[in-house]
file entry_35.cif (mmCIF, C-alpha atoms and all ligand atoms)
data_entry
#
loop_
_atom_site.label_atom_id
_atom_site.label_comp_id
_atom_site.auth_asym_id
_atom_site.auth_seq_id
_atom_site.Cartn_x
_atom_site.Cartn_y
_atom_site.Cartn_z
CA MET A 7 -84.88 34.71 67.10
CA SER A 8 -84.85 31.26 65.67
CA LEU A 9 -85.60 30.77 62.03
CA SER A 10 -86.99 27.34 62.69
CA GLY A 11 -90.53 28.70 62.53
CA LEU A 12 -90.09 29.79 58.93
CA GLU A 13 -92.82 28.47 56.76
CA PRO A 14 -93.52 28.85 53.10
CA LEU A 15 -97.13 29.93 52.69
CA PRO A 16 -99.38 27.26 51.20
CA MET A 17 -99.15 26.87 47.48
CA LEU A 18 -102.55 27.11 45.86
CA PRO A 19 -103.40 27.04 42.18
CA ASP A 20 -103.71 30.59 40.88
CA PRO A 21 -105.81 31.20 37.80
CA LEU A 22 -104.29 34.69 37.58
CA ALA A 23 -100.63 33.67 37.86
CA GLY A 24 -98.44 35.18 35.22
CA VAL A 25 -100.49 38.33 34.72
CA VAL A 26 -97.99 41.11 35.22
CA SER A 27 -98.10 44.80 34.50
CA GLY A 28 -95.91 47.74 35.43
CA SER A 29 -93.05 49.38 33.66
CA LEU A 30 -90.32 49.59 36.27
CA PRO A 31 -87.15 47.64 35.66
CA LYS A 32 -86.62 44.79 38.08
CA ARG A 33 -84.62 45.83 41.11
CA LYS A 34 -82.22 43.67 43.01
CA PRO A 35 -83.25 43.84 46.69
CA LEU A 36 -80.75 45.63 48.91
CA GLU A 37 -78.60 43.28 50.88
CA VAL A 38 -80.17 42.56 54.24
CA ALA A 39 -78.23 41.55 57.34
CA PRO A 40 -75.81 38.63 56.91
CA SER A 41 -78.23 36.10 58.41
CA ALA A 42 -80.89 34.45 56.26
CA PRO A 43 -83.90 36.68 55.64
CA LEU A 44 -86.98 36.16 57.75
CA VAL A 45 -89.23 37.25 54.88
CA ARG A 46 -88.41 36.38 51.31
CA LEU A 47 -90.53 37.10 48.26
CA ARG A 48 -89.35 36.45 44.73
CA GLY A 49 -91.28 37.54 41.68
CA PHE A 50 -94.40 37.99 43.77
CA THR A 51 -97.47 39.03 41.79
CA ARG A 52 -100.97 39.76 43.05
CA SER A 53 -103.77 40.43 40.63
CA PHE A 54 -107.41 41.29 41.07
CA GLY A 55 -110.27 40.79 38.70
CA SER A 56 -110.58 37.93 36.27
CA SER A 57 -111.17 37.34 32.64
CA ARG A 58 -114.63 36.15 33.44
CA GLY A 59 -115.45 38.77 36.06
CA SER A 60 -114.04 42.02 34.73
CA SER A 61 -115.59 44.14 32.05
CA SER A 62 -112.20 44.75 30.45
CA GLY A 63 -111.69 41.01 30.22
CA SER A 64 -108.30 40.95 31.99
CA ALA A 65 -106.92 40.78 35.49
CA ARG A 66 -105.05 43.78 36.93
CA ALA A 67 -101.74 43.19 38.67
CA VAL A 68 -101.47 45.35 41.80
CA ILE A 69 -98.18 43.78 42.84
CA ALA A 70 -96.02 42.79 39.90
CA ASP A 71 -92.91 40.59 40.01
CA LEU A 72 -91.82 42.00 43.37
CA ASP A 73 -88.72 40.87 45.25
CA LEU A 74 -88.42 41.58 48.96
CA ASP A 75 -86.21 40.40 51.80
CA ILE A 76 -86.63 41.40 55.45
CA ALA A 77 -83.96 40.39 57.94
CA PRO A 78 -84.74 39.12 61.44
CA GLY A 79 -85.21 42.12 63.70
CA GLU A 80 -85.17 44.63 60.86
CA PHE A 81 -87.56 47.61 60.94
CA VAL A 82 -88.87 48.36 57.45
CA ALA A 83 -91.26 51.14 56.44
CA LEU A 84 -93.34 50.97 53.27
CA LEU A 85 -94.45 54.18 51.58
CA GLY A 86 -96.44 54.68 48.40
CA ARG A 87 -99.45 56.24 46.75
CA SER A 88 -102.91 55.36 47.94
CA GLY A 89 -104.00 52.25 46.09
CA CYS A 90 -100.48 51.20 45.06
CA GLY A 91 -100.76 47.90 46.91
CA LYS A 92 -99.24 48.46 50.38
CA THR A 93 -102.05 46.73 52.26
CA THR A 94 -102.15 43.99 49.64
CA LEU A 95 -98.47 43.30 50.29
CA LEU A 96 -98.95 43.45 54.05
CA ARG A 97 -101.89 41.04 53.87
CA THR A 98 -99.70 38.65 51.93
CA LEU A 99 -97.00 38.75 54.60
CA ALA A 100 -99.70 38.29 57.25
CA GLY A 101 -100.93 35.16 55.50
CA LEU A 102 -104.37 36.69 55.07
CA ASP A 103 -104.40 36.22 51.30
CA GLU A 104 -103.72 33.20 49.16
CA VAL A 105 -100.34 33.25 47.51
CA ALA A 106 -101.09 30.67 44.94
CA GLY A 107 -97.97 28.80 43.98
CA GLN A 108 -95.56 31.68 44.50
CA GLU A 109 -92.21 32.01 46.22
CA VAL A 110 -93.26 33.54 49.54
CA THR A 111 -91.51 32.72 52.80
CA VAL A 112 -92.65 34.24 56.08
CA PRO A 113 -92.09 33.26 59.72
CA GLY A 114 -94.61 31.13 61.53
CA SER A 115 -95.44 33.74 64.16
CA ARG A 116 -96.87 36.99 62.82
CA ALA A 117 -99.16 39.66 64.19
CA VAL A 118 -100.93 42.57 62.53
CA VAL A 119 -102.08 45.96 63.82
CA PHE A 120 -104.41 47.93 61.57
CA GLN A 121 -105.43 51.59 61.53
CA ASP A 122 -108.48 50.80 63.65
CA ALA A 123 -107.93 48.75 66.78
CA ARG A 124 -110.69 46.24 65.92
CA LEU A 125 -111.56 45.49 69.54
CA LEU A 126 -114.64 43.51 70.49
CA PRO A 127 -116.79 45.97 72.47
CA TRP A 128 -118.44 43.25 74.57
CA LYS A 129 -115.12 41.97 75.90
CA ARG A 130 -113.02 43.75 78.49
CA VAL A 131 -109.62 45.06 77.48
CA TRP A 132 -107.62 42.16 78.93
CA SER A 133 -110.00 39.70 77.31
CA ASN A 134 -109.54 41.34 73.90
CA VAL A 135 -105.80 40.88 74.27
CA ALA A 136 -106.18 37.28 75.42
CA LEU A 137 -108.58 36.38 72.62
CA GLY A 138 -107.44 33.30 70.75
CA LEU A 139 -104.32 32.72 72.86
CA PRO A 140 -103.51 29.09 73.46
CA GLY A 141 -103.79 28.00 77.10
CA ARG A 142 -106.42 28.66 79.71
CA GLY A 143 -107.50 30.71 82.67
CA ALA A 144 -105.05 32.47 84.91
CA ASP A 145 -102.03 31.93 82.71
CA VAL A 146 -103.65 33.47 79.65
CA ARG A 147 -104.95 36.38 81.68
CA ALA A 148 -101.50 36.93 83.23
CA ARG A 149 -99.90 37.07 79.78
CA ALA A 150 -102.51 39.51 78.52
CA GLU A 151 -102.04 41.70 81.58
CA ALA A 152 -98.26 41.70 81.21
CA ALA A 153 -98.59 42.84 77.60
CA LEU A 154 -101.03 45.57 78.61
CA ARG A 155 -98.65 46.77 81.34
CA GLU A 156 -95.87 46.88 78.77
CA VAL A 157 -97.90 49.25 76.60
CA GLY A 158 -98.73 51.42 79.61
CA LEU A 159 -102.29 50.22 80.17
CA GLY A 160 -101.92 48.39 83.47
CA HIS A 161 -104.63 50.64 84.87
CA ARG A 162 -107.21 49.79 82.17
CA LEU A 163 -107.16 45.99 82.30
CA ASP A 164 -110.87 45.65 83.06
CA ALA A 165 -112.06 48.63 81.03
CA TRP A 166 -114.57 48.28 78.20
CA PRO A 167 -113.15 49.15 74.76
CA LEU A 168 -115.72 51.90 74.18
CA THR A 169 -114.33 53.82 77.16
CA LEU A 170 -110.82 54.02 75.65
CA SER A 171 -109.32 56.94 73.77
CA GLY A 172 -108.07 56.32 70.23
CA GLY A 173 -104.48 56.17 71.44
CA GLU A 174 -105.38 53.75 74.23
CA ALA A 175 -107.26 51.53 71.81
CA GLN A 176 -104.18 51.36 69.56
CA ARG A 177 -102.09 50.47 72.61
CA VAL A 178 -104.47 47.57 73.25
CA ALA A 179 -104.07 46.51 69.63
CA LEU A 180 -100.28 46.61 70.09
CA ALA A 181 -100.58 44.56 73.29
CA ARG A 182 -102.73 42.03 71.43
CA ALA A 183 -99.96 41.73 68.83
CA LEU A 184 -97.16 41.72 71.40
CA VAL A 185 -98.65 38.92 73.50
CA ARG A 186 -98.33 36.60 70.50
CA GLU A 187 -94.55 37.12 70.54
CA PRO A 188 -94.39 37.62 66.77
CA GLN A 189 -91.20 37.23 64.77
CA LEU A 190 -92.85 39.51 62.23
CA LEU A 191 -94.95 42.48 63.34
CA LEU A 192 -97.04 44.03 60.57
CA LEU A 193 -98.36 47.54 61.10
CA ASP A 194 -100.83 49.01 58.57
CA GLU A 195 -101.03 52.76 59.24
CA PRO A 196 -101.58 52.10 62.94
CA PHE A 197 -101.12 55.73 63.96
CA ALA A 198 -102.97 57.45 61.12
CA ALA A 199 -106.10 58.16 63.13
CA VAL A 200 -104.55 59.62 66.28
CA ASP A 201 -103.45 63.18 67.02
CA ALA A 202 -99.85 64.28 66.52
CA LEU A 203 -98.84 64.13 70.20
CA THR A 204 -100.34 60.67 70.69
CA ARG A 205 -98.61 59.55 67.49
CA ILE A 206 -95.21 60.58 68.88
CA LYS A 207 -95.89 58.67 72.09
CA LEU A 208 -96.94 55.62 70.09
CA HIS A 209 -93.75 55.88 68.02
CA GLU A 210 -91.76 55.75 71.26
CA LEU A 211 -93.80 52.76 72.39
CA VAL A 212 -93.29 50.85 69.15
CA LEU A 213 -89.56 51.51 69.29
CA ALA A 214 -89.44 50.34 72.91
CA ILE A 215 -91.32 47.15 72.00
CA TRP A 216 -89.06 46.58 69.01
CA ARG A 217 -85.89 47.10 71.06
CA THR A 218 -87.08 44.74 73.78
CA HIS A 219 -88.49 41.93 71.65
CA ARG A 220 -86.69 42.49 68.34
CA PRO A 221 -89.36 41.31 65.92
CA ALA A 222 -88.91 42.22 62.29
CA VAL A 223 -91.38 45.04 61.62
CA MET A 224 -93.04 46.17 58.43
CA LEU A 225 -94.79 49.50 58.93
CA VAL A 226 -97.10 50.76 56.18
CA THR A 227 -97.43 54.50 56.43
CA HIS A 228 -98.21 57.64 54.45
CA ASP A 229 -96.11 59.69 56.84
CA VAL A 230 -92.59 60.28 55.55
CA ASP A 231 -91.45 61.65 58.91
CA GLU A 232 -92.79 58.57 60.69
CA ALA A 233 -90.87 56.32 58.33
CA ILE A 234 -87.69 58.31 58.89
CA ALA A 235 -88.08 58.33 62.67
CA LEU A 236 -88.68 54.60 62.98
CA ALA A 237 -87.32 52.49 60.15
CA ASP A 238 -83.94 50.94 59.35
CA ARG A 239 -84.95 50.78 55.70
CA ILE A 240 -87.61 52.69 53.80
CA LEU A 241 -89.22 51.23 50.68
CA VAL A 242 -91.32 53.09 48.15
CA LEU A 243 -93.84 50.93 46.33
CA GLU A 244 -94.75 52.05 42.85
CA HIS A 245 -96.33 50.31 39.88
CA GLY A 246 -96.41 47.08 41.82
CA ARG A 247 -92.72 46.96 42.67
CA ILE A 248 -90.25 48.37 45.14
CA ALA A 249 -89.22 51.46 43.17
CA THR A 250 -86.64 52.72 45.68
CA GLU A 251 -85.06 51.58 48.91
CA THR A 252 -83.32 53.86 51.37
CA ARG A 253 -81.33 52.54 54.27
CA VAL A 254 -81.20 54.67 57.42
CA ASP A 255 -78.18 53.54 59.36
CA ASP A 256 -78.12 56.50 61.74
CA GLY A 257 -78.98 56.16 65.38
CA ARG A 258 -82.39 57.23 66.66
CA PRO A 259 -83.49 59.96 67.06
CA ARG A 260 -82.20 61.11 63.66
CA SER A 261 -80.35 64.40 63.51
CA ALA A 262 -82.38 67.30 62.12
CA GLU A 263 -80.08 67.55 59.08
CA ARG A 264 -80.29 63.86 58.29
CA ALA A 265 -84.06 63.81 58.72
CA GLU A 266 -84.41 66.78 56.40
CA SER A 267 -82.23 65.29 53.66
CA LEU A 268 -84.08 61.97 53.90
CA ARG A 269 -87.41 63.78 53.78
CA ARG A 270 -86.39 65.59 50.59
CA LEU A 271 -85.20 62.38 49.01
CA LEU A 272 -88.32 60.43 49.89
CA LEU A 273 -90.69 63.18 48.80
CA GLN A 274 -88.87 63.18 45.47
CA HIS A 275 -89.25 59.42 45.21
CA LEU A 276 -92.94 59.86 45.97
CA GLY A 277 -93.29 62.35 43.16
CA ILE A 278 -93.54 65.46 45.30
CA ALA A 279 -91.14 67.90 43.68
CA CYS A 280 -90.23 70.78 45.94
CA LYS A 281 -87.25 73.02 46.45
CA ALA A 282 -84.92 71.82 49.15
CA GLN A 283 -85.51 74.73 51.46
CA ASP A 284 -89.28 74.51 50.94
CA SER A 285 -89.74 70.83 51.50
CA ASP A 286 -90.33 70.91 55.20
CA ALA A 287 -92.75 73.80 55.11
CA LYS A 288 -94.53 72.35 52.10
CA ALA A 289 -94.80 68.95 53.70
CA ARG A 290 -96.28 70.37 56.84
CA GLY A 291 -98.57 72.70 54.92
CA ASN A 292 -99.92 69.85 52.84
CA ALA A 293 -100.36 67.72 55.89
CA GLN A 294 -102.47 70.41 57.47
CA SER A 295 -104.58 71.02 54.41
CA ASN A 296 -105.32 67.37 53.76
CA ASP A 297 -106.61 64.60 55.91
CA ASN A 298 -103.99 62.38 57.47
CA ARG A 299 -103.88 59.92 54.57
CA THR A 300 -102.98 62.46 51.92
CA GLY A 301 -100.62 65.29 51.04
CA ALA A 302 -97.01 65.20 52.06
CA ARG A 303 -97.61 62.69 54.73
CA GLY A 304 -96.34 60.55 51.88
CA GLU A 305 -99.00 60.96 49.26
CA PRO A 306 -97.82 62.28 45.93
CA SER A 307 -99.57 65.26 44.43
CA PRO A 308 -101.91 64.26 41.63
N1 LIG B 1 -109.93 42.04 47.36
C1 LIG B 1 -109.74 42.93 46.36
N2 LIG B 1 -110.45 42.80 45.22
C2 LIG B 1 -110.24 43.66 44.20
N3 LIG B 1 -109.39 44.69 44.23
C3 LIG B 1 -108.67 44.85 45.35
C4 LIG B 1 -108.82 43.98 46.48
N4 LIG B 1 -107.98 44.40 47.45
C5 LIG B 1 -107.34 45.48 46.96
N5 LIG B 1 -107.77 45.75 45.70
C6 LIG B 1 -107.28 46.83 44.85
O1 LIG B 1 -105.87 46.77 44.83
C7 LIG B 1 -105.33 48.08 44.83
C8 LIG B 1 -104.36 48.22 46.00
O2 LIG B 1 -105.09 48.19 47.20
P1 LIG B 1 -104.38 48.35 48.60
O3 LIG B 1 -105.44 48.32 49.64
O4 LIG B 1 -103.29 47.35 48.70
O5 LIG B 1 -103.76 49.80 48.45
P2 LIG B 1 -102.94 50.67 49.51
O6 LIG B 1 -101.62 51.00 48.90
O7 LIG B 1 -102.92 49.99 50.83
O8 LIG B 1 -103.82 51.98 49.57
P3 LIG B 1 -104.08 52.98 50.80
O9 LIG B 1 -102.82 53.75 50.99
O10 LIG B 1 -105.21 53.84 50.32
O11 LIG B 1 -104.45 52.16 52.00
C9 LIG B 1 -106.50 49.03 44.89
O12 LIG B 1 -106.77 49.48 43.59
C10 LIG B 1 -107.62 48.18 45.40
O13 LIG B 1 -108.85 48.62 44.92
MG MG B 2 -103.77 50.39 52.69
#
call {"tool": "encode", "arguments": {"input": "entry_35.cif", "output": "structure tokens", "more": "lines below"}}
Ligand SMILES: Nc1ncnc2c1ncn2[C@@H]1O[C@H](COP(=O)(O)OP(=O)(O)OP(=O)(O)O)[C@@H](O)[C@H]1O
Ligand SMILES: [Mg+2]
result
Amino acid sequence: MSLSGLEPLPMLPDPLAGVVSGSLPKRKPLEVAPSAPLVRLRGFTRSFGSSRGSSSGSARAVIADLDLDIAPGEFVALLGRSGCGKTTLLRTLAGLDEVAGQEVTVPGSRAVVFQDARLLPWKRVWSNVALGLPGRGADVRARAEAALREVGLGHRLDAWPLTLSGGEAQRVALARALVREPQLLLLDEPFAAVDALTRIKLHELVLAIWRTHRPAVMLVTHDVDEAIALADRILVLEHGRIATETRVDDGRPRSAERAESLRRLLLQHLGIACKAQDSDAKARGNAQSNDNRTGARGEPSP
């Protein structure tokens, strides 16, 4: 992939710039691949609330002085407590939020898939995928159809979104991202609402898409096992910064032993202390007793 599309996000004046909280020492980002990073953030801070608007009289930094590099074609997973700022970071990389005079570099072509597919119910499946694509008529439709075939939905091109299963709807959302040929694919808990079997199939699909098109991917997830199965590098966000980074250089699928040792390590990083031999059972037990955004799917115990 060419880096020529790299663009710094627009610099806007930020009345909240400089408001930083968090107690973690600053981490040096792990070295990414030898080529220049596709995504580069330095000292990135995102605050909400304002002196005028908040009752406490001060802004709150959700992301604080964060450094992040993502290499072209790298698959990164982002774990962390609910409310720690994962979506805020993803929105920044997607260009959905102002970055207000900060050092943020992202590629020109990006696409986002959220937990809900966000399809327009009055447009057919192919038309949802084609929505907003440059070009006209048959060419646009052909591109949308090719993307839908790639995600295994060649037989649902003219379906209405409300007739799709949850897994099918997420496939459409992936096709809608894919058709834009993104250099950076941003996934915000895209599989959280589907059943376990469908999730495994969607993992395979995402890996197939990634291997074929080689976008850089940032996957936000609460699921430690999902992060282990998919990512080259796993980040844990805490107190507004990358608290830990774990590189997974093994081939996919991971060996059972490697997956188990990574799971233990990540659960520890997430603040879930459990004996080594108990971690798997505990993780699965918690996952069953909580909804799919909590428990050992990556959520620390209170
Ligand atoms: N536009 C906003 N205005 C004010 N506060 C916000 C805004 N967006 C996010 N926040 C706050 O920032 C914090 C981080 O939110 P964010 O959605 O990034 O968390 P998250 O890590 O994605 O959580 P979850 O895992 O539950 O999705 C939360 O406390 C949230 O309330
Ligand atoms: Mg979120």
call {"tool": "residues_near_point", "arguments": {"input": "entry_35.cif", "point": "(-97.2, 32.5, 64.8)", "cutoff": "12 Å", "atoms": "only C-alpha atoms", "output": "mmCIF file with C-alpha atoms, in the coordinates of the input"}}
result
data_model
loop_
_atom_site.group_PDB
_atom_site.id
_atom_site.type_symbol
_atom_site.label_atom_id
_atom_site.label_comp_id
_atom_site.auth_asym_id
_atom_site.auth_seq_id
_atom_site.Cartn_x
_atom_site.Cartn_y
_atom_site.Cartn_z
ATOM 1 C CA SER A 10 -86.990 27.340 62.690
ATOM 2 C CA GLY A 11 -90.530 28.700 62.530
ATOM 3 C CA LEU A 12 -90.090 29.790 58.930
ATOM 4 C CA GLU A 13 -92.820 28.470 56.760
ATOM 5 C CA LEU A 99 -97.000 38.750 54.600
ATOM 6 C CA ALA A 100 -99.700 38.290 57.250
ATOM 7 C CA GLY A 101 -100.930 35.160 55.500
ATOM 8 C CA VAL A 112 -92.650 34.240 56.080
ATOM 9 C CA PRO A 113 -92.090 33.260 59.720
ATOM 10 C CA GLY A 114 -94.610 31.130 61.530
ATOM 11 C CA SER A 115 -95.440 33.740 64.160
ATOM 12 C CA ARG A 116 -96.870 36.990 62.820
ATOM 13 C CA ALA A 117 -99.160 39.660 64.190
ATOM 14 C CA VAL A 118 -100.930 42.570 62.530
ATOM 15 C CA GLY A 138 -107.440 33.300 70.750
ATOM 16 C CA LEU A 139 -104.320 32.720 72.860
ATOM 17 C CA PRO A 140 -103.510 29.090 73.460
ATOM 18 C CA ALA A 183 -99.960 41.730 68.830
ATOM 19 C CA LEU A 184 -97.160 41.720 71.400
ATOM 20 C CA VAL A 185 -98.650 38.920 73.500
ATOM 21 C CA ARG A 186 -98.330 36.600 70.500
ATOM 22 C CA GLU A 187 -94.550 37.120 70.540
ATOM 23 C CA PRO A 188 -94.390 37.620 66.770
ATOM 24 C CA GLN A 189 -91.200 37.230 64.770
ATOM 25 C CA LEU A 190 -92.850 39.510 62.230
ATOM 26 C CA LEU A 191 -94.950 42.480 63.340
ATOM 27 C CA PRO A 221 -89.360 41.310 65.920
#
call {"tool": "residues_near_ligand", "arguments": {"input": "entry_35.cif", "ligand": "ligand LIG 1 (chain B)", "cutoff": "8 Å", "atoms": "all atoms listed in the file", "output": "PyMOL selection string"}}
result
chain A and resi 53-55+68+86-96+226-228+299
call {"tool": "residues_near_point", "arguments": {"input": "entry_35.cif", "point": "(-100.7, 44.8, 74.4)", "cutoff": "7 Å", "atoms": "only C-alpha atoms", "output": "PDB file with C-alpha atoms, keeping the file's coordinate frame"}}
result
ATOM      1  CA  VAL A 135    -105.800  40.880  74.270  1.00  0.00           C
ATOM      2  CA  ALA A 150    -102.510  39.510  78.520  1.00  0.00           C
ATOM      3  CA  ALA A 153     -98.590  42.840  77.600  1.00  0.00           C
ATOM      4  CA  LEU A 154    -101.030  45.570  78.610  1.00  0.00           C
ATOM      5  CA  GLU A 156     -95.870  46.880  78.770  1.00  0.00           C
ATOM      6  CA  VAL A 157     -97.900  49.250  76.600  1.00  0.00           C
ATOM      7  CA  ARG A 177    -102.090  50.470  72.610  1.00  0.00           C
ATOM      8  CA  VAL A 178    -104.470  47.570  73.250  1.00  0.00           C
ATOM      9  CA  ALA A 179    -104.070  46.510  69.630  1.00  0.00           C
ATOM     10  CA  LEU A 180    -100.280  46.610  70.090  1.00  0.00           C
ATOM     11  CA  ALA A 181    -100.580  44.560  73.290  1.00  0.00           C
ATOM     12  CA  ARG A 182    -102.730  42.030  71.430  1.00  0.00           C
ATOM     13  CA  ALA A 183     -99.960  41.730  68.830  1.00  0.00           C
ATOM     14  CA  LEU A 184     -97.160  41.720  71.400  1.00  0.00           C
ATOM     15  CA  VAL A 185     -98.650  38.920  73.500  1.00  0.00           C
TER      16      VAL A 185
END
call {"tool": "residues_around", "arguments": {"input": "entry_35.cif", "residues": "Arg217 in chain A", "least_positions_apart": "6", "cutoff": "12 Å", "atoms": "only C-alpha atoms", "output": "tab-separated table (two decimals) with C-alpha atoms, keeping the file's coordinate frame"}}
result
chain	number	residue	atom	x	y	z
A	79	GLY	CA	-85.21	42.12	63.70
A	80	GLU	CA	-85.17	44.63	60.86
A	81	PHE	CA	-87.56	47.61	60.94
A	210	GLU	CA	-91.76	55.75	71.26
A	211	LEU	CA	-93.80	52.76	72.39
A	223	VAL	CA	-91.38	45.04	61.62
A	236	LEU	CA	-88.68	54.60	62.98
A	258	ARG	CA	-82.39	57.23	66.66
call {"tool": "atom_distance", "arguments": {"input": "entry_35.cif", "atom1": "CA of Arg46 in chain A", "atom2": "CA of Glu232 in chain A"}}
result
24.5 Å
call {"tool": "atom_distance", "arguments": {"input": "entry_35.cif", "atom1": "CA of Glu244 in chain A", "atom2": "CA of Leu74 in chain A"}}
result
13.7 Å
call {"tool": "atom_distance", "arguments": {"input": "entry_35.cif", "atom1": "CA of Gly143 in chain A", "atom2": "CA of Trp216 in chain A"}}
result
27.9 Å
call {"tool": "closest_residue", "arguments": {"input": "entry_35.cif", "among": "A:Gly172, A:Pro127, A:Gly107, A:Pro196", "to": "ligand MG 2 (chain B)", "atoms": "only C-alpha atoms and all ligand atoms"}}
result
A:Pro196
call {"tool": "closest_residue", "arguments": {"input": "entry_35.cif", "among": "A:Ile76, A:Leu243, A:Ile215, A:Ala233", "to": "ligand MG 2 (chain B)", "atoms": "all atoms listed in the file"}}
result
A:Leu243
call {"tool": "closest_residue", "arguments": {"input": "entry_35.cif", "among": "A:Pro259, A:Pro43, A:Gly277, A:Gly141", "to": "Leu85 in chain A", "atoms": "only C-alpha atoms"}}
result
A:Gly277
call {"tool": "closest_residue", "arguments": {"input": "entry_35.cif", "among": "A:Leu225, A:Ala67, A:Leu163, A:Leu203", "to": "ligand MG 2 (chain B)", "atoms": "only C-alpha atoms and all ligand atoms"}}
result
A:Leu225
call {"tool": "closest_residue", "arguments": {"input": "entry_35.cif", "among": "A:Ala235, A:Leu168, A:Leu241, A:Ala198", "to": "ligand MG 2 (chain B)", "atoms": "all atoms listed in the file"}}
result
A:Ala198
call {"tool": "closest_residue", "arguments": {"input": "entry_35.cif", "among": "A:Ala65, A:Ala136, A:Leu193, A:Ala152", "to": "ligand MG 2 (chain B)", "atoms": "only C-alpha atoms and all ligand atoms"}}
result
A:Leu193
call {"tool": "residues_around", "arguments": {"input": "entry_35.cif", "residues": "Phe197 in chain A", "least_positions_apart": "4", "cutoff": "8 Å", "atoms": "all atoms listed in the file", "output": "PyMOL selection string"}}
result
chain A and resi 121+176+205+208
